[in-house]
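In what follows, a single structure is set out as structure tokens and then discussed.
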Amino acid sequence: MYAIFRTGGKQYKASPGQTIRVEKLPGPAGSEIEFNHVFAVRKETLRLGNPLVENAHVTGAIVRHGRARKIRVVKYKRKKQYRRTLGHRQDFSEVLIREIVG
């Protein structure tokens, strides 16, 4: 059983009991969260939405918040003595998927 849903402008495929990293969500660690933008649900058969599956949602619990590894961004223009280096760390939330209703 799995579901494909959207949160934070990205789509995720998840099964019950799985822990996934999504864009940072509001709320403290341990709080319940519900994702309502479900595109597909597969139990015995695959149900596709047009664009969303009606009366389907994915529930989970926020395990923790954190920040991903730093990525380096380099800007460089040859022959102009121009170099810039900066880094970025993206915030995330780890979510434990508890149930898929569909």
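In the structure tokens, each chain is lettered A, B, ... as it comes, each chain's residues begin at 1, and ligands are numbered from 1 in order of appearance.
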Determine, using only C-alpha atoms, which residues of region 61-93 of chain A have any atom at most 12 Å from an atom of region 7-30 of chain A, and tabulate each with its shortest atom pair and distance in Å to one decimal place, rows ordered by chain and then rising number, as a Markdown table.
| residue | atom | partner | partner_atom | distance |
| --- | --- | --- | --- | --- |
| A:Ala61 | CA | A:Gly30 | CA | 5.9 |
| A:Ile62 | CA | A:Ala29 | CA | 5.1 |
| A:Val63 | CA | A:Ala29 | CA | 5.4 |
| A:Arg64 | CA | A:Ala29 | CA | 5.1 |
| A:His65 | CA | A:Ala29 | CA | 6.9 |
| A:Gly66 | CA | A:Lys24 | CA | 8.3 |
| A:Arg67 | CA | A:Lys24 | CA | 9.2 |
| A:Ala68 | CA | A:Arg21 | CA | 9.8 |
| A:Arg89 | CA | A:Glu23 | CA | 12.0 |
| A:Gln90 | CA | A:Glu23 | CA | 8.2 |
| A:Asp91 | CA | A:Lys24 | CA | 5.6 |
| A:Phe92 | CA | A:Lys24 | CA | 4.3 |
| A:Ser93 | CA | A:Lys24 | CA | 4.8 |
Point to revise | Neighbour list for Met1 (chain A) as number ranges by chain, cut-off 10 Å, only C-alpha atoms, skip fewer than 2 positions in-chain | key: A: 3, 14-16, 41-46, 100
Exercise for review: Can you work out the spacing between CA of Ile33 (chain A) and CA of Glu94 (chain A) in Å, to one decimal?
Suggested key: 11.4 Å
Check your understanding: Quick one: residues within 9 Å of Pro51 (chain A), only C-alpha atoms counted, chain neighbours fewer than 3 positions away excluded, as number ranges by chain?
Key -> A: 38-39, 48
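The smallest atom-to-atom distance between Val101 (chain A) and any of A:Ile4, A:Val58, A:Ala40, A:Leu52, using only C-alpha atoms, is found for A:Val58.
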Exercise for review: Calculate how many Å separate CA of Tyr2 (chain A) from CA of Gly49 (chain A), rounding to one decimal.
Suggested key: 14.2 Å
Exercise for review: Run DSSP on the backbone and give me the residues of chain A it puts in strand (DSSP E), as JSON, numbers by chain.
Suggested key: {"A": [2, 3, 4, 5, 6, 7, 10, 11, 12, 13, 14, 19, 20, 21, 22, 23, 32, 33, 34, 35, 38, 39, 40, 41, 42, 46, 47, 48, 57, 58, 59, 60, 61, 62, 63, 64, 65, 66, 67, 71, 72, 73, 74, 75, 76, 77, 82, 83, 84, 85, 86, 87, 88, 91, 92, 93, 94, 95, 96, 97, 98, 99, 100, 101]}
Practice item. Have a look at A:Arg84, A:Arg78, A:His37, A:Lys70 and name the one nearest to Ala56 (chain A); count only C-alpha atoms. Key: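 Result for the nearest residue to Ala56 (chain A): A:His37.
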